[in-house]
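Source file: entry.cif. Holds: mmCIF, C-alpha atoms.
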```cif
data_start
#
loop_
_atom_site.label_atom_id
_atom_site.label_comp_id
_atom_site.auth_asym_id
_atom_site.auth_seq_id
_atom_site.Cartn_x
_atom_site.Cartn_y
_atom_site.Cartn_z
CA MET Z 295 -38.08 31.86 -68.73
CA SER Z 296 -39.14 28.25 -68.60
CA LEU Z 297 -39.38 26.38 -65.35
CA VAL Z 298 -37.04 23.43 -65.00
CA ARG Z 299 -38.84 20.43 -63.63
CA GLU Z 300 -36.03 17.98 -64.24
CA SER Z 301 -33.57 16.78 -61.64
CA ILE Z 302 -30.18 18.41 -62.31
CA HIS Z 303 -27.01 16.90 -60.87
CA LEU Z 304 -23.34 17.77 -61.35
CA ARG Z 305 -20.46 15.45 -60.64
CA PRO Z 306 -16.71 15.69 -61.25
CA ALA Z 307 -15.66 14.58 -64.72
CA GLU Z 308 -13.56 11.44 -64.86
CA GLU Z 309 -11.27 9.98 -67.50
CA ALA Z 310 -14.08 7.63 -68.52
CA ASP Z 311 -16.17 10.70 -69.47
CA GLN Z 312 -13.83 11.92 -72.21
CA GLU Z 313 -15.85 10.51 -75.10
CA PHE Z 314 -19.06 12.00 -73.73
CA LEU Z 315 -17.36 15.36 -73.16
CA PHE Z 316 -16.09 15.25 -76.74
CA THR Z 317 -19.65 14.58 -77.96
CA VAL Z 318 -20.90 17.64 -76.05
CA PHE Z 319 -18.08 19.77 -77.48
CA ALA Z 320 -18.71 18.53 -81.03
CA SER Z 321 -22.44 19.23 -80.72
CA THR Z 322 -21.69 22.90 -80.04
CA ARG Z 323 -19.76 23.15 -83.31
CA ALA Z 324 -22.13 21.18 -85.57
CA GLU Z 325 -23.62 24.18 -87.41
CA GLU Z 326 -20.19 25.69 -88.02
CA MET Z 327 -18.78 22.38 -89.26
CA ALA Z 328 -21.71 21.87 -91.65
CA LEU Z 329 -20.49 24.93 -93.56
CA THR Z 330 -16.98 23.61 -94.18
CA GLY Z 331 -17.72 21.11 -96.95
CA TRP Z 332 -15.39 18.66 -95.20
CA SER Z 333 -16.00 14.93 -94.99
CA ALA Z 334 -17.30 13.44 -91.75
CA GLY Z 335 -13.83 12.03 -91.08
CA GLN Z 336 -12.18 15.41 -91.60
CA ILE Z 337 -14.68 17.09 -89.30
CA GLU Z 338 -14.20 14.51 -86.59
CA ALA Z 339 -10.39 14.74 -86.79
CA PHE Z 340 -10.52 18.53 -86.63
CA LEU Z 341 -12.94 18.53 -83.69
CA ARG Z 342 -10.91 15.96 -81.77
CA ASP Z 343 -7.81 18.15 -82.19
CA GLN Z 344 -9.76 21.24 -81.07
CA PHE Z 345 -11.22 19.39 -78.08
CA HIS Z 346 -7.76 18.24 -77.03
CA LEU Z 347 -6.26 21.73 -77.42
CA GLN Z 348 -9.15 23.30 -75.50
CA ASP Z 349 -8.65 20.82 -72.67
CA LEU Z 350 -4.90 21.54 -72.56
CA HIS Z 351 -5.59 25.29 -72.51
CA TYR Z 352 -8.13 25.04 -69.71
CA ARG Z 353 -5.90 22.85 -67.55
CA ARG Z 354 -2.84 25.05 -68.12
CA HIS Z 355 -4.54 28.42 -67.57
CA TYR Z 356 -7.13 27.50 -64.93
CA PRO Z 357 -5.37 25.40 -62.27
CA GLY Z 358 -7.76 23.91 -59.76
CA ALA Z 359 -10.79 24.36 -62.02
CA ARG Z 360 -13.86 22.17 -61.56
CA PHE Z 361 -14.60 20.05 -64.63
CA GLN Z 362 -18.11 18.68 -64.15
CA VAL Z 363 -20.52 16.45 -66.02
CA LEU Z 364 -24.15 17.50 -65.89
CA HIS Z 365 -26.93 14.92 -65.58
CA VAL Z 366 -30.61 15.70 -66.12
CA ASP Z 367 -33.01 13.12 -64.74
CA GLY Z 368 -30.07 10.71 -64.55
CA ALA Z 369 -29.03 11.10 -68.19
CA PRO Z 370 -25.71 12.71 -69.16
CA ALA Z 371 -26.66 16.09 -70.61
CA GLY Z 372 -23.68 18.43 -70.71
CA ARG Z 373 -20.70 19.94 -69.00
CA LEU Z 374 -19.92 22.84 -66.69
CA TYR Z 375 -16.34 23.98 -66.23
CA LEU Z 376 -15.71 26.57 -63.49
CA HIS Z 377 -12.63 28.23 -62.05
CA ARG Z 378 -12.66 30.14 -58.78
CA GLY Z 379 -10.08 32.89 -58.55
CA ALA Z 380 -9.47 35.28 -55.67
CA THR Z 381 -12.15 37.73 -56.87
CA ASP Z 382 -13.91 35.99 -59.74
CA LEU Z 383 -15.80 32.83 -60.62
CA ARG Z 384 -15.04 32.12 -64.29
CA VAL Z 385 -17.53 30.10 -66.31
CA MET Z 386 -15.02 28.48 -68.63
CA ASP Z 387 -17.65 26.43 -70.41
CA LEU Z 388 -21.31 25.59 -70.04
CA ALA Z 389 -22.52 23.33 -72.85
CA LEU Z 390 -25.52 21.06 -73.29
CA LEU Z 391 -26.38 18.36 -75.77
CA PRO Z 392 -28.99 19.62 -78.27
CA GLU Z 393 -31.86 17.66 -76.75
CA PHE Z 394 -31.34 19.44 -73.38
CA ARG Z 395 -31.16 22.97 -74.79
CA ARG Z 396 -34.02 25.47 -74.49
CA ARG Z 397 -35.51 23.66 -71.50
CA GLY Z 398 -34.24 26.01 -68.78
CA VAL Z 399 -31.39 23.72 -67.77
CA GLY Z 400 -28.65 26.18 -68.73
CA GLY Z 401 -30.47 28.99 -66.97
CA ALA Z 402 -30.81 26.91 -63.81
CA LEU Z 403 -27.11 26.08 -63.91
CA LEU Z 404 -26.08 29.69 -64.44
CA ALA Z 405 -28.41 30.77 -61.62
CA SER Z 406 -26.65 28.34 -59.28
CA VAL Z 407 -23.27 29.77 -60.34
CA LEU Z 408 -24.53 33.30 -59.69
CA ARG Z 409 -25.83 32.28 -56.24
CA GLU Z 410 -22.46 30.71 -55.40
CA ALA Z 411 -20.64 33.87 -56.51
CA GLU Z 412 -22.99 36.09 -54.50
CA ALA Z 413 -22.46 34.00 -51.38
CA LEU Z 414 -18.69 34.36 -51.80
CA ASP Z 415 -18.85 38.01 -52.94
CA LEU Z 416 -17.19 37.15 -56.25
CA SER Z 417 -17.78 38.52 -59.71
CA VAL Z 418 -18.70 36.06 -62.47
CA SER Z 419 -17.03 36.20 -65.87
CA LEU Z 420 -17.30 34.32 -69.13
CA HIS Z 421 -16.39 34.59 -72.79
CA VAL Z 422 -19.10 34.54 -75.45
CA GLU Z 423 -18.90 34.83 -79.21
CA ALA Z 424 -19.54 38.43 -80.23
CA HIS Z 425 -22.60 37.56 -82.35
CA ASN Z 426 -24.08 34.93 -80.03
CA PRO Z 427 -27.69 35.83 -79.13
CA ALA Z 428 -27.00 34.59 -75.57
CA ARG Z 429 -25.02 37.79 -75.07
CA GLN Z 430 -28.28 39.71 -74.64
CA TRP Z 431 -29.44 37.19 -72.05
CA TYR Z 432 -26.18 37.65 -70.12
CA LYS Z 433 -26.69 41.43 -70.22
CA ARG Z 434 -30.18 41.01 -68.73
CA LEU Z 435 -28.56 39.01 -65.92
CA GLY Z 436 -26.24 41.91 -65.13
CA PHE Z 437 -23.16 40.97 -67.16
CA LEU Z 438 -21.22 43.84 -68.72
CA ASP Z 439 -18.95 43.77 -71.77
CA GLU Z 440 -15.31 44.08 -70.73
CA GLY Z 441 -13.60 43.92 -74.13
CA GLY Z 442 -12.83 41.28 -76.67
CA ASP Z 443 -10.72 40.11 -79.54
CA GLY Z 444 -13.25 40.49 -82.35
CA ILE Z 445 -14.45 36.90 -82.05
CA TYR Z 446 -15.11 36.58 -78.32
CA VAL Z 447 -16.29 39.15 -75.79
CA LEU Z 448 -15.33 38.95 -72.14
CA MET Z 449 -18.38 39.63 -70.01
CA ARG Z 450 -18.39 40.10 -66.25
CA ARG Z 451 -21.11 40.41 -63.65
CA PRO Z 452 -19.76 42.46 -60.76
CA ALA Z 453 -19.51 41.04 -57.25
CA PRO Z 454 -22.34 42.14 -54.93
CA LEU Z 455 -20.13 44.50 -52.92
CA GLU Z 456 -18.90 46.18 -56.12
CA THR Z 457 -22.45 47.27 -56.97
CA ARG Z 458 -23.28 48.76 -53.58
CA PRO Z 459 -22.94 52.53 -53.08
#
```
Using the file provided, produce a representation of the structure as structure tokens.
Amino acid sequence: MSLVRESIHLRPAEEADQEFLFTVFASTRAEEMALTGWSAGQIEAFLRDQFHLQDLHYRRHYPGARFQVLHVDGAPAGRLYLHRGATDLRVMDLALLPEFRRRGVGGALLASVLREAEALDLSVSLHVEAHNPARQWYKRLGFLDEGGDGIYVLMRRPAPLETRP
């Protein structure tokens, strides 16, 4: 695991951040979109629709969620969307721009989420694509598979009191 030496800061997302948040979203789908054979305009239109639908879904199904913009050394770097339920802290989305990936930033963010959950005695859950290599990393952090739909797997790290004898 790499050590993060950068300054990491989260702040609430604002309406003015929508274009940046779209850029982060689109960056996570770049490899997939490269396989479509679509024009740049078609890809952008599709991704804007998907971004909008994702946002509607999150706001409808996760009332009170925290939508945050991540800054690394003062530069906008990604997004972290979290929802706190009665027994669970759901990582709805944690995404970084490509230039901030593989630097330990995501690990530092997830570690802070895990610390928050431990302090509140909450489990932590997230969805991950079934074939995403990050799934093994989540397992090493104590997340367990809880089922899926063939595309995504729900993973959950039990609350501290759940793991005590």
Ground truth for the PyMOL selection byres ((chain Z and resi 424) around 6), written as a compact mmCIF listing (two decimals) with C-alpha atoms, keeping the file's coordinate frame:
```
# COMPACT_ATOMS: atom_id res chain seq x y z
CA GLU Z 423 -18.90 34.83 -79.21
CA HIS Z 425 -22.60 37.56 -82.35
CA ASN Z 426 -24.08 34.93 -80.03
CA ILE Z 445 -14.45 36.90 -82.05
CA TYR Z 446 -15.11 36.58 -78.32
CA VAL Z 447 -16.29 39.15 -75.79
```
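From CA of His377 in chain Z back to CA of His351 in chain Z, the distance works out to 12.9 Å.
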May I have the protein, DNA and RNA residues with any atom at most 8 Å from the point (-22.8, 16.9, -68.2), counting all atoms listed in the file, written as a short mmCIF file (atom, residue, chain, number, x, y, z; two decimals) with C-alpha atoms, in the frame of the given file?
```cif
data_model
loop_
_atom_site.label_atom_id
_atom_site.label_comp_id
_atom_site.auth_asym_id
_atom_site.auth_seq_id
_atom_site.Cartn_x
_atom_site.Cartn_y
_atom_site.Cartn_z
CA LEU Z 304 -23.34 17.77 -61.35
CA LEU Z 315 -17.36 15.36 -73.16
CA GLN Z 362 -18.11 18.68 -64.15
CA VAL Z 363 -20.52 16.45 -66.02
CA LEU Z 364 -24.15 17.50 -65.89
CA HIS Z 365 -26.93 14.92 -65.58
CA PRO Z 370 -25.71 12.71 -69.16
CA ALA Z 371 -26.66 16.09 -70.61
CA GLY Z 372 -23.68 18.43 -70.71
CA ARG Z 373 -20.70 19.94 -69.00
CA LEU Z 374 -19.92 22.84 -66.69
CA ALA Z 389 -22.52 23.33 -72.85
CA LEU Z 390 -25.52 21.06 -73.29
#
```
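For the file at hand, the PyMOL selection byres ((chain Z and resi 412) around 12) resolves to Thr381, Asp382, Leu383, Ala405, Ser406, Val407, Leu408, Arg409, Glu410, Ala411, Ala413, Leu414, Asp415, Leu416, Ser417, Val418, Arg451, Pro452, Ala453, Pro454, Leu455, Glu456 and Thr457 of chain Z.
Atom pair CA of His421 in chain Z / CA of Tyr352 in chain Z has a distance of 13.0 Å (rounded to one decimal).
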Exercise for review: Show which residues sit within 12 Å of Ala339 in chain Z, as a VMD selection string. Count only C-alpha atoms, and ignore same-chain residues fewer than 6 positions away.
Suggested key: chain Z and resid 316 320 327 332 to 333 345 to 346
Check your understanding: Z:Val399, Z:Leu420, Z:Leu448, Z:Met386: which is nearest Ser301 in chain Z, counting all atoms listed in the file?
Key -> Z:Val399
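For the atom pair formed by CA of Glu308 in chain Z and CA of Arg450 in chain Z, the distance is 29.1 Å, given to one decimal.
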The PyMOL selection byres ((chain Z and resi 349) around 12) applied to the shown file, residues as an mmCIF file with C-alpha atoms, in the frame of the given file:
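Output saved as part.cif:
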```
data_model
loop_
_atom_site.group_PDB
_atom_site.id
_atom_site.type_symbol
_atom_site.label_atom_id
_atom_site.label_comp_id
_atom_site.auth_asym_id
_atom_site.auth_seq_id
_atom_site.Cartn_x
_atom_site.Cartn_y
_atom_site.Cartn_z
ATOM 1 C CA GLN Z 312 -13.830 11.920 -72.210
ATOM 2 C CA LEU Z 315 -17.360 15.360 -73.160
ATOM 3 C CA PHE Z 316 -16.090 15.250 -76.740
ATOM 4 C CA PHE Z 319 -18.080 19.770 -77.480
ATOM 5 C CA ARG Z 342 -10.910 15.960 -81.770
ATOM 6 C CA ASP Z 343 -7.810 18.150 -82.190
ATOM 7 C CA GLN Z 344 -9.760 21.240 -81.070
ATOM 8 C CA PHE Z 345 -11.220 19.390 -78.080
ATOM 9 C CA HIS Z 346 -7.760 18.240 -77.030
ATOM 10 C CA LEU Z 347 -6.260 21.730 -77.420
ATOM 11 C CA GLN Z 348 -9.150 23.300 -75.500
ATOM 12 C CA LEU Z 350 -4.900 21.540 -72.560
ATOM 13 C CA HIS Z 351 -5.590 25.290 -72.510
ATOM 14 C CA TYR Z 352 -8.130 25.040 -69.710
ATOM 15 C CA ARG Z 353 -5.900 22.850 -67.550
ATOM 16 C CA ARG Z 354 -2.840 25.050 -68.120
ATOM 17 C CA HIS Z 355 -4.540 28.420 -67.570
ATOM 18 C CA TYR Z 356 -7.130 27.500 -64.930
ATOM 19 C CA PRO Z 357 -5.370 25.400 -62.270
ATOM 20 C CA ALA Z 359 -10.790 24.360 -62.020
ATOM 21 C CA PHE Z 361 -14.600 20.050 -64.630
ATOM 22 C CA TYR Z 375 -16.340 23.980 -66.230
ATOM 23 C CA MET Z 386 -15.020 28.480 -68.630
ATOM 24 C CA ASP Z 387 -17.650 26.430 -70.410
#
```
